[in-house]
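These notes are about the structure you will find just below.
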Amino acid sequence: MADTRPGAMSRIIRWIDYRLPFIQALNHELNEYPTPRNLNYWWNFGSLSGIMLVVMIATGVFLAMQYTPSSEAAFDSVERIMRDVNYGWLVRYAHSSGASMFFAIVYIHLFRGLYYGSYKQPREFLWILGVIILILMIATAFMGYVLPWGQMSYWAATVITNLFSAIPLIGQNIVTFLWGGFTVGDPTLHRFYALHYLLPFIIVAVVGLHLIALHRFGSNNPLGIDTKRPQDTIPFHPYYTIKDLFGLAVFLLIYAYFVFYAPNSLLAADNYIPANPMQTPNHIVPEWYLLPYYAILRAVPNKLLGVIMAFGSIFLLFIVPWLDTSPVRSARFRPVYKWVFWLLVIDVIALGWVGANPPEGLVVTVGQIATLYYFVHFLILFPVIGKLERPKPLPASIATAVLQTGGARLGGAGAPLAKS
Amino acid sequence: MRKPVLAALALLLLALTPPPASAEETPSPPHQQWSFEGIFGTYDRAAAQRGFQVYKEVCSACHPVKHLYFRDLADLGYSEDEVKAIASTYQVTNEQPNDQGQMFQRPARPSDPIPGPFPNDQAARAANNGALPPDLSMIVKARDGGPDYVFGILTGYKDPPAGFNLLTGMNYNEYFPGHQIAMPPPLADNAVTYADGTSATVPQMAHDVVTFLAWAAEPNLEPRHRTGFKVVLFLIVTAGVFYAAKRKIWAAVH
């Protein structure tokens, strides 16, 4: 391992670092940063989502160089990128499939937090910042989906912006204000483009805060207990840099499969038809990552209530740290919550299925039950289980727990840790 | 947490399958063999050239291919001179007026888009009983079912079942949603004469023209497949190297 103590730095770097302690900060936060030694592969998804954010911004900037945000030219300019711009097809498919990958990673990241109680004291603010990132991502993805100005773009924009018309009294005025006109049109596309370019950088800023909050107390871990002694942690580099890199390579394989071999499997065929305000598609369906919210929206017969519940299903996440009354973080030691967690996973997948299908017959019933369960899960089961459940005994420390499972090979483990 | 993960994955797969279609709904067209399927898929050049002939002699009477340029045809194996020759059989309006300020017609060049049959949508509707023949340059991507669907439409014309209320001017098609399609059966046996001697049956022509249209919709499929193969190989090796490094680095801590 290279010696990265300040004393070993070259004189120039030392000169700069004395005035701008940037290298020192990087060293502190990315190199020697003490990390629980027992993180499993579910902890890869945090760094993966950060990398995806960079990929989306990078591909997005190149797309923006060729894209024309007017209702007359948008559709054709996307096709020009696909056909005539060098590697335009690659950049566009990397961006369009990348959105799906980004959401898949972030959802896994979110559910990991729910399973291991990563939102609990003292990481409440870390969690809240994560929910803010999710909301910003949804807004960004929605506006990005409108930009190709295909049929689904146009009608998704119409349906989603119309949700605001459910607001009593001023609803219709708000919608007109959002559109910049009396229908979704050229001004709508222009402003969505501007915002679609702006929001990712706001996400970057919130991610920065998310990281500051994370590094305040360090990562949670699968045992959900605090790191107490130096033996509980290992330096981030090289242990987690290499683990994250391996995870990244595996993830990129999946990503590459979609970009190169199934780029249109995640896109609606209708979006290759130019936007036509005179013709509504048979089924207006959002992208897969928004289907559960869409299902909740449609599960309620009343429009205003449906809108409130769809938005509420996300805003509910803000108060999760206070809804969960259990003193134990990790579901590993929570015999009841462990199973209820998987019920929520099944519930959200069911909502996704409901959102993807036309609301008839069984789909409606499943949608209403799944919506009800979603809110019961957070508002009732979370506080009640926390109170009634008898958690299993927690291990004394991370190091002892790892010792028990790791066996005799741990003899030499203390050596690299003694330094920190 | 492994078992529940598998269960959740299985559920996810289940969720991705659409609910069974009821009997009265449109049947999904049967799957055909396409040269461009799979990770090594390429466009069958001979089929695509025959398909271009079918498009040119049959489909182009009503349907444009707005996003195709004559120069794109070089991709299908036509030489530069052949592309020029094909282009010069079309008349297009020059983008700029001449020195007298008059717009003028000239033979098309490879750099021109392939002109459509109608100057605008209204003219297209007026000539087609009010129906608008869709642009075909993206049709294979723009319909669920892709090439199989387009093939199904081209070969799915039938006599309507007894009691079916077919509107005047409409045609019965097994695979069209609602079965009422404004397009009359476009293909008949020997509608074109293939230069390579291939027998021009309706399924043969349909298969050829769908190959051409699939290329028109996704002209970069071949470089995509080739690049993808290299990228995946590279990533498999990289993942292996990282995994070995991870095992070695972590050996002391586990």
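Identifiers in the structure tokens: chain A, B, ... in order shown; residue index from 1 per chain; ligand index from 1 in order shown.
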
Which residues of chain A have any atom within 9 Å of an atom in chain B when counting only C-alpha atoms, and what is the closest pair of atoms for each, with the distance in Å to one decimal? Order the rows by chain and rising number and write it as CSV.
residue,atom,partner,partner_atom,distance
A:Arg37,CA,B:Val253,CA,8.0
A:Asn38,CA,B:His254,CA,9.0
A:Asp76,CA,B:His67,CA,8.0
A:Glu79,CA,B:His67,CA,7.5
A:Arg80,CA,B:His67,CA,8.2
A:Met82,CA,B:Asn220,CA,7.9
A:Arg83,CA,B:Pro219,CA,7.0
A:Trp89,CA,B:Asn220,CA,7.2
A:Leu90,CA,B:Arg224,CA,7.6
A:Ile234,CA,B:Val253,CA,8.6
A:Pro238,CA,B:Ile249,CA,7.4
A:Tyr239,CA,B:Trp250,CA,6.5
A:Tyr240,CA,B:Lys246,CA,8.8
A:Ile242,CA,B:Lys246,CA,5.6
A:Lys243,CA,B:Lys246,CA,6.0
A:Leu245,CA,B:Phe242,CA,6.7
A:Phe246,CA,B:Phe242,CA,5.0
A:Gly247,CA,B:Ala239,CA,8.0
A:Leu248,CA,B:Ala239,CA,8.2
A:Ala249,CA,B:Ala239,CA,5.0
A:Val250,CA,B:Ala239,CA,6.2
A:Leu252,CA,B:Leu235,CA,7.3
A:Leu253,CA,B:Val232,CA,6.1
A:Ala256,CA,B:Val232,CA,6.8
A:Tyr257,CA,B:Gly228,CA,7.5
A:Val259,CA,B:Gly228,CA,8.0
A:Phe260,CA,B:Gly228,CA,5.1
A:Tyr261,CA,B:Ile39,CA,6.3
A:Asn264,CA,B:Lys141,CA,8.0
A:Ala268,CA,B:Ala142,CA,8.2
A:Ala269,CA,B:Ala142,CA,4.5
A:Asp270,CA,B:Ala142,CA,5.4
A:Asn271,CA,B:Ala142,CA,6.9
A:Tyr272,CA,B:Ala142,CA,4.8
A:Ile273,CA,B:Ala142,CA,6.0
A:Arg332,CA,B:Met1,CA,8.9
A:Trp342,CA,B:Pro4,CA,7.0
A:Val345,CA,B:Ala8,CA,7.2
A:Ile346,CA,B:Ala8,CA,6.6
A:Ile349,CA,B:Leu12,CA,6.3
A:Ala350,CA,B:Ala15,CA,6.9
A:Gly352,CA,B:Ala15,CA,7.4
A:Trp353,CA,B:Ala15,CA,5.0
A:Val354,CA,B:Ala15,CA,8.5
A:Ala356,CA,B:Pro18,CA,8.4
A:Asn357,CA,B:Pro18,CA,7.4
A:Val402,CA,B:His254,CA,7.8
A:Leu403,CA,B:His254,CA,8.6
A:Gly406,CA,B:His254,CA,6.0
A:Gly407,CA,B:His254,CA,8.8
A:Arg409,CA,B:His254,CA,7.1
A:Leu410,CA,B:His254,CA,6.3
A:Gly411,CA,B:Ala252,CA,8.5
A:Gly412,CA,B:Ala252,CA,6.2
A:Ala413,CA,B:Val253,CA,4.8
A:Gly414,CA,B:Val253,CA,7.9
A:Ala415,CA,B:Ala252,CA,8.5
A:Pro416,CA,B:Ala252,CA,8.3

* To do: as a PyMOL selection string, list the residues of stretch 19-202 of chain B assigned to strand (DSSP E or B) by DSSP on the backbone atoms of this structure.
  => chain B and resi 69+91-93+105-107+113+157+171-173+180-181

Generate the output file for the selected residues, N, CA and C atoms, as an mmCIF file, in the first residue's frame.
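Just written: result-v2.cif:
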data_model
loop_
_atom_site.group_PDB
_atom_site.id
_atom_site.type_symbol
_atom_site.label_atom_id
_atom_site.label_comp_id
_atom_site.auth_asym_id
_atom_site.auth_seq_id
_atom_site.Cartn_x
_atom_site.Cartn_y
_atom_site.Cartn_z
ATOM 1 N N TYR B 69 -32.220 8.447 -45.687
ATOM 2 C CA TYR B 69 -31.592 9.180 -46.776
ATOM 3 C C TYR B 69 -31.134 8.159 -47.806
ATOM 4 N N GLN B 91 -37.411 12.715 -58.246
ATOM 5 C CA GLN B 91 -37.339 14.167 -58.383
ATOM 6 C C GLN B 91 -37.610 14.794 -57.013
ATOM 7 N N VAL B 92 -36.758 15.742 -56.615
ATOM 8 C CA VAL B 92 -37.016 16.446 -55.358
ATOM 9 C C VAL B 92 -36.943 17.948 -55.595
ATOM 10 N N THR B 93 -37.552 18.700 -54.684
ATOM 11 C CA THR B 93 -37.458 20.154 -54.753
ATOM 12 C C THR B 93 -36.165 20.574 -54.052
ATOM 13 N N GLN B 105 -37.254 21.788 -59.273
ATOM 14 C CA GLN B 105 -37.109 20.338 -59.122
ATOM 15 C C GLN B 105 -35.768 19.907 -59.701
ATOM 16 N N ARG B 106 -35.179 18.889 -59.104
ATOM 17 C CA ARG B 106 -33.949 18.307 -59.662
ATOM 18 C C ARG B 106 -33.913 16.835 -59.278
ATOM 19 N N PRO B 107 -33.120 16.032 -60.004
ATOM 20 C CA PRO B 107 -32.999 14.633 -59.595
ATOM 21 C C PRO B 107 -32.368 14.551 -58.205
ATOM 22 N N PRO B 113 -32.994 13.191 -48.354
ATOM 23 C CA PRO B 113 -33.892 12.193 -47.763
ATOM 24 C C PRO B 113 -34.753 11.562 -48.853
ATOM 25 N N TYR B 157 -54.424 -10.748 -43.580
ATOM 26 C CA TYR B 157 -55.724 -10.421 -44.181
ATOM 27 C C TYR B 157 -56.539 -11.679 -44.373
ATOM 28 N N ASN B 171 -60.851 -3.173 -44.071
ATOM 29 C CA ASN B 171 -60.488 -4.545 -44.390
ATOM 30 C C ASN B 171 -60.294 -5.314 -43.096
ATOM 31 N N TYR B 172 -60.545 -6.633 -43.170
ATOM 32 C CA TYR B 172 -60.406 -7.461 -41.970
ATOM 33 C C TYR B 172 -58.970 -7.972 -41.874
ATOM 34 N N ASN B 173 -58.328 -7.705 -40.730
ATOM 35 C CA ASN B 173 -56.974 -8.211 -40.513
ATOM 36 C C ASN B 173 -56.908 -8.866 -39.142
ATOM 37 N N GLN B 180 -60.184 -3.976 -37.809
ATOM 38 C CA GLN B 180 -60.603 -3.123 -38.932
ATOM 39 C C GLN B 180 -59.420 -2.269 -39.348
ATOM 40 N N ILE B 181 -58.877 -2.549 -40.502
ATOM 41 C CA ILE B 181 -57.723 -1.788 -40.960
ATOM 42 C C ILE B 181 -58.061 -1.102 -42.273
#

* Would you please give, as a VMD selection string, all residues of stretch 15-134 of chain A that DSSP assigns to alpha helix (DSSP H) based on the backbone? => chain A and resid 15 to 19 22 to 26 44 to 64 74 to 83 88 to 115 124 to 134

Export of prior selection with C-alpha atoms as a PDB file, in the first residue's frame:
ATOM      1  CA  TRP A  15       2.196  23.487  -0.550  1.00  0.00           C
ATOM      2  CA  ILE A  16      -1.284  23.439  -2.071  1.00  0.00           C
ATOM      3  CA  ASP A  17      -2.736  21.251   0.618  1.00  0.00           C
ATOM      4  CA  TYR A  18      -1.535  23.618   3.308  1.00  0.00           C
ATOM      5  CA  ARG A  19      -3.608  26.377   1.732  1.00  0.00           C
ATOM      6  CA  PHE A  22      -8.372  19.163  -0.426  1.00  0.00           C
ATOM      7  CA  ILE A  23      -6.036  16.181  -0.706  1.00  0.00           C
ATOM      8  CA  GLN A  24      -6.150  15.808   3.043  1.00  0.00           C
ATOM      9  CA  ALA A  25      -9.932  15.785   2.958  1.00  0.00           C
ATOM     10  CA  LEU A  26      -9.991  13.205   0.155  1.00  0.00           C
ATOM     11  CA  ASN A  44     -22.380  -1.561  -3.008  1.00  0.00           C
ATOM     12  CA  PHE A  45     -25.461   0.207  -4.243  1.00  0.00           C
ATOM     13  CA  GLY A  46     -24.618   3.542  -2.660  1.00  0.00           C
ATOM     14  CA  SER A  47     -21.431   4.040  -4.622  1.00  0.00           C
ATOM     15  CA  LEU A  48     -23.093   2.518  -7.698  1.00  0.00           C
ATOM     16  CA  SER A  49     -25.847   5.121  -7.623  1.00  0.00           C
ATOM     17  CA  GLY A  50     -23.224   7.864  -7.368  1.00  0.00           C
ATOM     18  CA  ILE A  51     -21.467   6.455 -10.413  1.00  0.00           C
ATOM     19  CA  MET A  52     -24.757   6.232 -12.320  1.00  0.00           C
ATOM     20  CA  LEU A  53     -25.451   9.876 -11.539  1.00  0.00           C
ATOM     21  CA  VAL A  54     -22.141  10.779 -13.158  1.00  0.00           C
ATOM     22  CA  VAL A  55     -22.869   8.520 -16.157  1.00  0.00           C
ATOM     23  CA  MET A  56     -26.275  10.147 -16.623  1.00  0.00           C
ATOM     24  CA  ILE A  57     -24.861  13.664 -16.465  1.00  0.00           C
ATOM     25  CA  ALA A  58     -21.992  12.803 -18.824  1.00  0.00           C
ATOM     26  CA  THR A  59     -24.204  11.131 -21.446  1.00  0.00           C
ATOM     27  CA  GLY A  60     -26.832  13.827 -20.948  1.00  0.00           C
ATOM     28  CA  VAL A  61     -24.419  16.650 -21.681  1.00  0.00           C
ATOM     29  CA  PHE A  62     -23.429  15.024 -24.980  1.00  0.00           C
ATOM     30  CA  LEU A  63     -27.067  14.464 -25.909  1.00  0.00           C
ATOM     31  CA  ALA A  64     -27.830  18.103 -25.111  1.00  0.00           C
ATOM     32  CA  ALA A  74     -37.373  17.418 -30.910  1.00  0.00           C
ATOM     33  CA  PHE A  75     -38.474  14.040 -32.256  1.00  0.00           C
ATOM     34  CA  ASP A  76     -36.415  14.332 -35.428  1.00  0.00           C
ATOM     35  CA  SER A  77     -33.368  15.581 -33.540  1.00  0.00           C
ATOM     36  CA  VAL A  78     -33.429  12.468 -31.355  1.00  0.00           C
ATOM     37  CA  GLU A  79     -33.621  10.320 -34.490  1.00  0.00           C
ATOM     38  CA  ARG A  80     -30.731  12.281 -35.973  1.00  0.00           C
ATOM     39  CA  ILE A  81     -28.700  11.457 -32.850  1.00  0.00           C
ATOM     40  CA  MET A  82     -29.590   7.794 -33.328  1.00  0.00           C
ATOM     41  CA  ARG A  83     -28.724   7.698 -37.015  1.00  0.00           C
ATOM     42  CA  GLY A  88     -25.115   8.831 -30.953  1.00  0.00           C
ATOM     43  CA  TRP A  89     -27.016   5.560 -30.611  1.00  0.00           C
ATOM     44  CA  LEU A  90     -24.600   4.492 -27.885  1.00  0.00           C
ATOM     45  CA  VAL A  91     -24.899   7.729 -25.916  1.00  0.00           C
ATOM     46  CA  ARG A  92     -28.670   7.826 -26.195  1.00  0.00           C
ATOM     47  CA  TYR A  93     -29.200   4.185 -25.284  1.00  0.00           C
ATOM     48  CA  ALA A  94     -26.722   4.541 -22.408  1.00  0.00           C
ATOM     49  CA  HIS A  95     -28.808   7.494 -21.188  1.00  0.00           C
ATOM     50  CA  SER A  96     -32.238   5.904 -21.673  1.00  0.00           C
ATOM     51  CA  SER A  97     -31.275   2.504 -20.234  1.00  0.00           C
ATOM     52  CA  GLY A  98     -29.172   4.322 -17.655  1.00  0.00           C
ATOM     53  CA  ALA A  99     -32.272   5.948 -16.201  1.00  0.00           C
ATOM     54  CA  SER A 100     -33.726   2.505 -15.523  1.00  0.00           C
ATOM     55  CA  MET A 101     -30.445   1.246 -14.074  1.00  0.00           C
ATOM     56  CA  PHE A 102     -30.192   4.335 -11.860  1.00  0.00           C
ATOM     57  CA  PHE A 103     -33.655   3.772 -10.437  1.00  0.00           C
ATOM     58  CA  ALA A 104     -33.096   0.024  -9.977  1.00  0.00           C
ATOM     59  CA  ILE A 105     -29.926   0.754  -7.995  1.00  0.00           C
ATOM     60  CA  VAL A 106     -31.509   3.495  -5.920  1.00  0.00           C
ATOM     61  CA  TYR A 107     -34.531   1.332  -5.104  1.00  0.00           C
ATOM     62  CA  ILE A 108     -32.269  -1.516  -3.968  1.00  0.00           C
ATOM     63  CA  HIS A 109     -30.295   1.049  -1.946  1.00  0.00           C
ATOM     64  CA  LEU A 110     -33.520   2.285  -0.361  1.00  0.00           C
ATOM     65  CA  PHE A 111     -34.779  -1.199   0.495  1.00  0.00           C
ATOM     66  CA  ARG A 112     -31.369  -2.061   1.931  1.00  0.00           C
ATOM     67  CA  GLY A 113     -31.794   0.919   4.228  1.00  0.00           C
ATOM     68  CA  LEU A 114     -35.235  -0.304   5.227  1.00  0.00           C
ATOM     69  CA  TYR A 115     -34.004  -3.853   5.933  1.00  0.00           C
ATOM     70  CA  GLU A 124     -32.297  10.257  10.247  1.00  0.00           C
ATOM     71  CA  PHE A 125     -31.024  13.204   8.255  1.00  0.00           C
ATOM     72  CA  LEU A 126     -28.985  10.941   5.988  1.00  0.00           C
ATOM     73  CA  TRP A 127     -32.215   9.116   5.182  1.00  0.00           C
ATOM     74  CA  ILE A 128     -34.205  12.311   4.649  1.00  0.00           C
ATOM     75  CA  LEU A 129     -31.603  13.586   2.196  1.00  0.00           C
ATOM     76  CA  GLY A 130     -31.890  10.257   0.386  1.00  0.00           C
ATOM     77  CA  VAL A 131     -35.651  10.682   0.041  1.00  0.00           C
ATOM     78  CA  ILE A 132     -35.094  14.211  -1.303  1.00  0.00           C
ATOM     79  CA  ILE A 133     -32.712  12.754  -3.890  1.00  0.00           C
ATOM     80  CA  LEU A 134     -35.363  10.199  -4.869  1.00  0.00           C
TER      81      LEU A 134
END

* Asked: Which residues, written as a PyMOL selection string, have at least one atom at most 12 Å from B:Ala124, with only C-alpha atoms counted and residues fewer than 4 positions away on the same chain left out?
  -> chain B and resi 60-64+116-120+128-135
